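Novice: First the structure, which I've put down as structure tokens, then a few questions once you've had a look.
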Amino acid sequence: GRFAEAKEMAAGNPLSFLRVSKPEIELPDGTDPYSDEVYAKGRENFRKLIDDGVLRQDPQPMFHFYRQVMGKHSQIGLVALASSEEYLRNIVKKHELTRPDKEDDRVRHIESLEAQTGPVFLTYKAVKAIDALAFRITAEEPEIDFVAPDGVRHSSWPVSDPADIQLLVDEFAKLPALYIADGHHRSAAAGRVFESRGGAGGSGGFLTVIFPHNQMNILAYNRALKDLNGRTPEQLLEELGRVFEVAADGPATPAAKHKLGLYLDGKWYGLSFRPAFMTGRPPIDLLDVSLLQTEVLAPVFGIDDPRTSKRIAFVGGIRGTAELEKLVDSGEYACAFSMFPTS
């Protein structure tokens with residue numbers, strides 16, 4: 001699983017940050033990832049990177065622009081602290097419920113390291129003045145520039161000129177809201193640390209990279225199910241036929257919204273929501289993920305709370321549909337749904 005994958009990525013690389021963010025990879029296989037020694041190992045590895053000068057603090061407070069290039073897609077975000085208090089007041093908007101165990105894990109990680117090491121991915125409605133500044137600064141030579149083993153190029157530029165810093169502060173102050181794209185557990189954990197510390201130390205802010213909405217590339221978030229809830233594959237397909245029009249050999253990747261892929265017994269089926277389910281519902285209930293939850297996961301699979309259920313796994317779209325096939329073919333999961341990305 002993810003553990004083996006992380007272990008492999010860090011192998012032979014003493015500087016891999018996975019040694020800080022997933023320290024269990026350095027401990028014997030089967031170590032409980034939530035045990036005290038895991039957090040202690042993370043702290044030790046983090047301190048070593050600082051002591052060895054691998055990580056060093058900027059000489060003064062500043063922002064950084066950070067660019068990611070993956071294939072033809074490029075996006076530039078601002079590395080900045082967002083306000084923990086504004087997160088708690090819902091000025092930083094959430095769209096996802098968090099899982100208590102994962103939230104507790106991030107709180108313990110922050111407390112053990114006395115640091116936040118995982119940035120939250122935020123987005124905002126693009127602003128011309130910020131775009132212009134980003135364009136000007138990223139036209140210069142980057143301070144850091146490399147291509148990672150997965151082919152993604154990472155580049156960053158410091159923003160240290162007081163006038164540029166002020167412009168960014170002023171422009172972001174005018175925005176009514178920021179939105180979490182990814183990192184709900186990290187931001188929730190930062191909010192909890194802020195509350196328990198009363199804002200002391202650095203707890204008033206949380207680490208983020210803030211990307212403009214028009215540079216985002218939203219990927220699907222797929223689902224894998226551990227079991228068929230006591231049904232045979234034939235019974236499952238029959239029940240799904242009430243909610244969907246089912247095609248016997250659908251594409252693995254759905255071509256439009258309200259279409260899904262189902263991987264079951266080594267084959268892909270195409271599912272299209274029947275129009276009857278679409279009428280008279282508010283927009284949020286018409287999202288494919290909402291329809292899947294209300295019409296399929298709860299009634300058919302008996303998964304009322306996907307946050308706490310151990311019978312469902314969420315698989316990021318960047319991993320592709322082959323990952324879903326692998327999970328089901330291995331026998332670890334019984335079936336999987338591929339989704340069309342939310343707009």
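Order determines the names: the first chain of the structure tokens is A, the second B, and so forth; residues in each chain are numbered 1 upward, and ligands are numbered 1 upward as they are shown.
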Could you pull out the helix (DSSP H, G or I) residues of range 42-153 of chain A, going by DSSP on the backbone, and write them as JSON, numbers by chain?
Specialist: {"A": [42, 43, 44, 45, 46, 47, 48, 49, 50, 51, 84, 85, 86, 87, 88, 100, 101, 102, 103, 104, 105, 106, 107, 108, 109, 110, 111, 112, 113, 128, 129, 130, 131, 132, 133, 134, 135, 136, 137, 138]}
Novice: Which residues come within 10 Å of range 78-88 of chain A, counting only C-alpha atoms, excluding same-chain residues fewer than 6 positions away, as a PyMOL selection string?
Specialist: chain A and resi 62-67+94+119-123+130+134+156-159+168+177-180+187-195+199+202-212
Novice: Store the residues picked out above in a file with C-alpha atoms, as a CSV table (one decimal), in the first residue's frame.
Specialist:
```csv
chain,number,residue,atom,x,y,z
A,62,MET,CA,8.8,36.8,3.2
A,63,PHE,CA,6.5,35.1,0.7
A,64,HIS,CA,7.6,32.7,-2.1
A,65,PHE,CA,6.0,32.1,-5.4
A,66,TYR,CA,5.9,28.3,-6.2
A,67,ARG,CA,5.3,26.9,-9.6
A,94,LYS,CA,-14.2,23.8,3.7
A,119,PRO,CA,1.2,23.0,3.4
A,120,VAL,CA,-2.6,23.2,2.8
A,121,PHE,CA,-3.6,23.8,-0.8
A,122,LEU,CA,-5.9,26.9,-1.0
A,123,THR,CA,-7.5,28.6,-3.9
A,130,ILE,CA,-1.6,39.4,-8.0
A,134,ALA,CA,3.5,36.6,-10.1
A,156,SER,CA,10.3,28.8,-6.4
A,157,TRP,CA,11.1,32.5,-6.2
A,158,PRO,CA,11.4,34.6,-3.0
A,159,VAL,CA,9.3,37.7,-2.6
A,168,LEU,CA,0.2,40.9,-1.6
A,177,ALA,CA,-12.8,34.2,1.3
A,178,LEU,CA,-10.2,31.5,0.6
A,179,TYR,CA,-11.2,27.9,-0.3
A,180,ILE,CA,-9.5,24.7,0.7
A,187,SER,CA,-6.0,22.9,8.4
A,188,ALA,CA,-8.3,21.3,11.0
A,189,ALA,CA,-5.3,20.2,13.0
A,190,ALA,CA,-3.7,23.7,12.8
A,191,GLY,CA,-7.0,25.1,14.0
A,192,ARG,CA,-7.0,22.7,17.0
A,193,VAL,CA,-3.4,23.6,17.9
A,194,PHE,CA,-4.3,27.3,17.6
A,195,GLU,CA,-7.2,26.8,20.1
A,199,GLY,CA,-2.6,31.6,19.4
A,202,GLY,CA,3.4,30.3,15.5
A,203,SER,CA,0.0,28.8,16.0
A,204,GLY,CA,-1.9,31.8,14.7
A,205,GLY,CA,-1.1,30.9,11.1
A,206,PHE,CA,-1.1,27.7,9.1
A,207,LEU,CA,1.2,26.9,6.2
A,208,THR,CA,-0.4,27.1,2.7
A,209,VAL,CA,0.2,27.5,-1.0
A,210,ILE,CA,-2.6,29.6,-2.5
A,211,PHE,CA,-3.4,29.1,-6.2
A,212,PRO,CA,-5.7,31.3,-8.3
```
Novice: May I ask for the distance between CA of Arg274 in chain A and CA of Ser343 in chain A, given in Å to one decimal place?
Specialist: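 It comes out at 20.2 Å.
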Novice: Could you name the residues that touch Asp265 in chain A at 10 Å or less, counting only C-alpha atoms, but leaving out those on the same chain fewer than 6 positions away, as a list in words?
Specialist: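 Using only C-alpha atoms, the neighbours found are Pro233, Glu325, Val328, Asp329, Gly331, Ala334 and Cys335 of chain A.
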Novice: For the atom pair CA of Ser196 in chain A and CA of Ile110 in chain A, what is the interatomic distance in Å to one decimal place?
Specialist: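 So the answer is 12.3 Å.
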Novice: CA of Pro176 in chain A and CA of His154 in chain A, how far apart in Å?
Specialist: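 Separation between CA of His154 in chain A and CA of Pro176 in chain A: 29.4 Å.
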Novice: Do a neighbour search on range 215-217 of chain A at 8 Å with only C-alpha atoms, toss out local chain neighbours closer than 2 positions, and write the hits as a list in words.
Specialist: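 With the cut-off at 8 Å, the set is His73, Ser74, Gln75, Ile76, Phe211, Pro212, His213 and Leu219 of chain A.
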Novice: Within range 75-203 of chain A, find each residue whose DSSP state, derived from the backbone, is strand (DSSP E or B), and express the selection as a PyMOL selection string.
Specialist: chain A and resi 75-83+92-93+120-124+144-147+153-159+178-182
Novice: For the selection just defined, write its residues with C-alpha atoms to a file, as a tab-separated table (two decimals), in the first residue's frame.
Specialist:
```
chain	number	residue	atom	x	y	z
A	75	GLN	CA	0.23	26.52	-11.93
A	76	ILE	CA	1.79	29.24	-9.77
A	77	GLY	CA	0.84	29.66	-6.11
A	78	LEU	CA	1.86	31.85	-3.23
A	79	VAL	CA	3.54	30.21	-0.23
A	80	ALA	CA	2.08	32.07	2.75
A	81	LEU	CA	0.54	31.69	6.18
A	82	ALA	CA	-3.25	31.81	6.35
A	83	SER	CA	-5.04	32.74	9.58
A	92	VAL	CA	-11.38	29.86	4.86
A	93	LYS	CA	-14.08	27.61	3.38
A	120	VAL	CA	-2.59	23.23	2.78
A	121	PHE	CA	-3.61	23.80	-0.85
A	122	LEU	CA	-5.90	26.87	-0.97
A	123	THR	CA	-7.52	28.63	-3.89
A	124	TYR	CA	-9.08	32.06	-4.46
A	144	ILE	CA	15.00	26.51	-6.56
A	145	ASP	CA	14.31	24.58	-9.77
A	146	PHE	CA	14.27	20.81	-10.27
A	147	VAL	CA	12.34	17.96	-11.87
A	153	ARG	CA	8.93	20.32	-12.25
A	154	HIS	CA	9.08	22.44	-9.08
A	155	SER	CA	10.40	26.02	-9.05
A	156	SER	CA	10.29	28.78	-6.44
A	157	TRP	CA	11.07	32.49	-6.17
A	158	PRO	CA	11.41	34.57	-2.98
A	159	VAL	CA	9.25	37.71	-2.63
A	178	LEU	CA	-10.17	31.50	0.58
A	179	TYR	CA	-11.17	27.93	-0.28
A	180	ILE	CA	-9.49	24.67	0.72
A	181	ALA	CA	-8.72	22.59	-2.36
A	182	ASP	CA	-6.79	19.93	-0.45
```
Novice: Tell me, as a list in words, which residues lie within 10 Å of Tyr34 in chain A, counting only C-alpha atoms; anything in the same chain fewer than 2 positions away does not count.
Specialist: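 Residues near the query, excluding close chain neighbours: Glu24, Thr31, Asp32, Asp36, Glu37, Val38, Tyr39, Asp101, Lys102, Asp104, Asp105, Arg108 and His109 of chain A.
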Novice: For those residues, write C-alpha atoms to a file as a PDB file, in the first residue's frame.
Specialist:
```
ATOM      1  CA  GLU A  24       7.069   4.952  10.152  1.00  0.00           C
ATOM      2  CA  THR A  31       4.829  -0.530  13.465  1.00  0.00           C
ATOM      3  CA  ASP A  32       1.578   1.257  14.396  1.00  0.00           C
ATOM      4  CA  ASP A  36       4.681   7.567  20.079  1.00  0.00           C
ATOM      5  CA  GLU A  37       7.929   6.349  18.522  1.00  0.00           C
ATOM      6  CA  VAL A  38       6.715   7.357  15.036  1.00  0.00           C
ATOM      7  CA  TYR A  39       6.223  11.002  16.051  1.00  0.00           C
ATOM      8  CA  ASP A 101      -8.179   9.576  13.355  1.00  0.00           C
ATOM      9  CA  LYS A 102      -6.369  11.452  10.562  1.00  0.00           C
ATOM     10  CA  ASP A 104      -5.573  13.510  15.562  1.00  0.00           C
ATOM     11  CA  ASP A 105      -2.530  12.227  13.675  1.00  0.00           C
ATOM     12  CA  ARG A 108       0.280  15.028  17.134  1.00  0.00           C
ATOM     13  CA  HIS A 109       2.673  15.573  14.221  1.00  0.00           C
TER      14      HIS A 109
END
```
Novice: Using only C-alpha atoms, determine which residues lie at most 12 Å from Leu287 in chain A, disregarding the query and same-chain residues fewer than 5 positions distant; provide the list as a ChimeraX atom specification.
Specialist: /A:257-260,273,277-278,281-282,292-295,339-343
Novice: Contacts of Lys22 in chain A at 9 Å or less, counting only C-alpha atoms, minus same-chain residues fewer than 6 places along, as a PyMOL selection string?
Specialist: chain A and resi 3+6-7+33+38-39+42
Novice: Of the candidates A:Leu324, A:Leu228, A:Ile218, A:Val296, which shows the shortest atom-to-atom distance to Gly241 in chain A, using only C-alpha atoms?
Specialist: A:Val296
Novice: Pick the closest to Ala252 in chain A from A:Ile91, A:Leu225, A:Ser330, A:Thr321: which is it, counting only C-alpha atoms?
Specialist: A:Thr321
Novice: Find the residue from A:Arg47, A:Arg242, A:Lys310, A:Arg19 that sits nearest to Pro275 in chain A; use only C-alpha atoms when measuring.
Specialist: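 Distance minimum relative to Pro275 in chain A lands on A:Arg242.
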